[in-house]
Amino acid sequence: MSTPDTTPRKKRPDRFIELELTIDSLAFGGNGVARHDGYVLFVQGAIPGDKVRAKVTKTKRDYGEAITLEVLQPSPDRIAPVAQHPGAPWQILPYEKQLEIKTQQVDDALRRIGKLAGFELEPIVPALETWRYRNKLEYSFGTEGTAERGELIFGFHAPGEWDRIVQIDDCLLASERGNAVRDQVLRFCREQGLTAYDRRTRRGFLRNCVVREGRRTGQFQVRLVTMPGDDLDQDAFAKAIDCDGLLWTQYDGLGETTTSGDTTLIAGREYLEEELSGMTYRVSPHAFFQVNTEMSEKLYGIATDYAALAGFERLYDLYCGIGTVGLTMSPRAGELWGLEIVEDAIADAINNARLNEIDNAHFFAGDVRTALRLLVDKAGSPDVVVVDPPRAGLSQKVVRRIIDASPKRLVYISCNPTTLAPNAAQFVEAGYVLRKVRPVDMFPQTPHIECVALLERA
């Protein structure tokens, strides 16, 4: 006969109720953590030490979510925001405090989630620029006022709202020239009388605009994303926008994405050129490229140091994208083998190897889960593996495949310590040792954390 559970239930507050809350800490993702009668609430727009009036927006069995309506008593750490910008939620924290919290969160994830110990947590690498550091911005179109009489606006989604756009006049995450190009797009669309896509009714034309900048080359790429149609005067658009490559993507899906649809080159070149760690890269319109050029060099430099290549090793670059990580390391390796599921990215990687006269690099398109075994059969077992997976981390199957490949060293570049931690624990259980981890601040004014981890076969 089972013993009845006598643990008292935490009282769950009603949705949409307003509460006064004191914030204890920050959770992964940047929300403040508060407790109301023992019930945990993640509070958007609040930091440790704040006393706030907040509205509960979601409730689940063990936790809920809330949004700050008013700061009743500010934290001693709170500072005035510099920009009216929904993409910079941590600007109310001094930068040194941001670095301190990110370091703590990496350490906490590895110890609490991964149950790991004995590793060296190296000092976080601070950003070279804390504002105007992004080389890529994805803006959304909206309407201020009614759909019939409202003014076309251009900015970002309001926090937690999929259908409301906040107008941005000067995006402090973009360069000044990047802002000027964005203004040209908005001015042209207003002059042409083009309407924003309404995310509720699915009417309207303009959806998004992606502005990319070569921080070292000075090149700009602009890609307008719209619903399908013939509303765009391509010749007039080309004359209105000062950029090196102008593209048009037509997409009619429900999701808010800039990576799908049919893309046409209107003017200039289809690719953007950028320089990184002494190499030149051509970046296709849909290709992934780290959004902070200057800090990418720092990140890849740490990864290269951790790889400790002596010139003869077989290096695998998994989730290689357009080849930036592996090609940065290739002069120190005997041979480089890159694997990536996106075929266009592999085409870019092959071209980038040729562009930089690198002849020891080989790139293949394939899903790491199924193609890694085939790569080992073809190329032989790796001495060193570098992985740069998406936020979800490595699946258990991919972890097993890497363990089967038996590299001496694994360099793991992570954009999410909460998925790095369980992955690292799996490798440790299989006989690897987590030697060291170093956070790198790629995204100042935001809660996003990047870090590099080194695991070695015991």
# chains A, B, ... in the order shown; residues from 1 in each chain; ligands from 1
call {"tool": "select_by_dssp", "arguments": {"residues": "segment 50-293 of chain A", "states": "helix (DSSP H, G or I)", "output": "ChimeraX atom specification"}}
result
/A:89-92,95-113,176-191,234-240,293
call {"tool": "residues_around", "arguments": {"residues": "Val125 of chain A", "least_positions_apart": "3", "cutoff": "7 Å", "atoms": "only C-alpha atoms", "output": "ChimeraX atom specification"}}
result
/A:439-441
call {"tool": "residues_around", "arguments": {"residues": "segment 93-101 of chain A", "least_positions_apart": "2", "cutoff": "6 Å", "atoms": "only C-alpha atoms", "output": "list in words"}}
result
Arg78, Ile79, Trp90, Gln91, Thr103 and Gln104 of chain A
call {"tool": "atom_distance", "arguments": {"atom1": "atom CA of Arg177 of chain A", "atom2": "atom CA of Leu265 of chain A"}}
result
21.9 Å
call {"tool": "residues_around", "arguments": {"residues": "Trp337 of chain A", "least_positions_apart": "5", "cutoff": "10 Å", "atoms": "only C-alpha atoms", "output": "ChimeraX atom specification"}}
result
/A:314-318,320,323,326-327,330,360-364,375-376,379,382,385
call {"tool": "write_last_selection", "arguments": {"atoms": "C-alpha atoms", "output": "tab-separated table (two decimals), in the first residue's frame"}}
result
chain	number	residue	atom	x	y	z
A	314	ARG	CA	42.46	14.57	-38.31
A	315	LEU	CA	39.93	17.23	-37.32
A	316	TYR	CA	36.16	16.81	-37.60
A	317	ASP	CA	33.99	19.96	-37.68
A	318	LEU	CA	30.40	18.90	-36.97
A	320	CYS	CA	30.18	23.17	-39.69
A	323	GLY	CA	33.13	26.35	-42.50
A	326	GLY	CA	37.08	24.39	-39.08
A	327	LEU	CA	38.78	26.64	-41.62
A	330	SER	CA	42.75	24.08	-40.60
A	360	ASN	CA	43.34	20.02	-46.61
A	361	ALA	CA	39.61	20.64	-46.11
A	362	HIS	CA	36.76	18.32	-47.15
A	363	PHE	CA	33.08	19.18	-46.63
A	364	PHE	CA	30.03	16.95	-46.93
A	375	LEU	CA	32.31	9.79	-42.45
A	376	VAL	CA	34.39	7.69	-40.03
A	379	ALA	CA	37.99	9.38	-43.52
A	382	PRO	CA	39.10	11.74	-35.75
A	385	VAL	CA	36.20	16.88	-32.89
call {"tool": "closest_residue", "arguments": {"among": "A:Thr280, A:Ala46, A:Thr217, A:Asn208", "to": "Tyr251 of chain A", "atoms": "only C-alpha atoms"}}
result
A:Asn208
call {"tool": "closest_residue", "arguments": {"among": "A:Arg200, A:Arg282, A:Arg132, A:Arg332", "to": "Leu172 of chain A", "atoms": "only C-alpha atoms"}}
result
A:Arg132
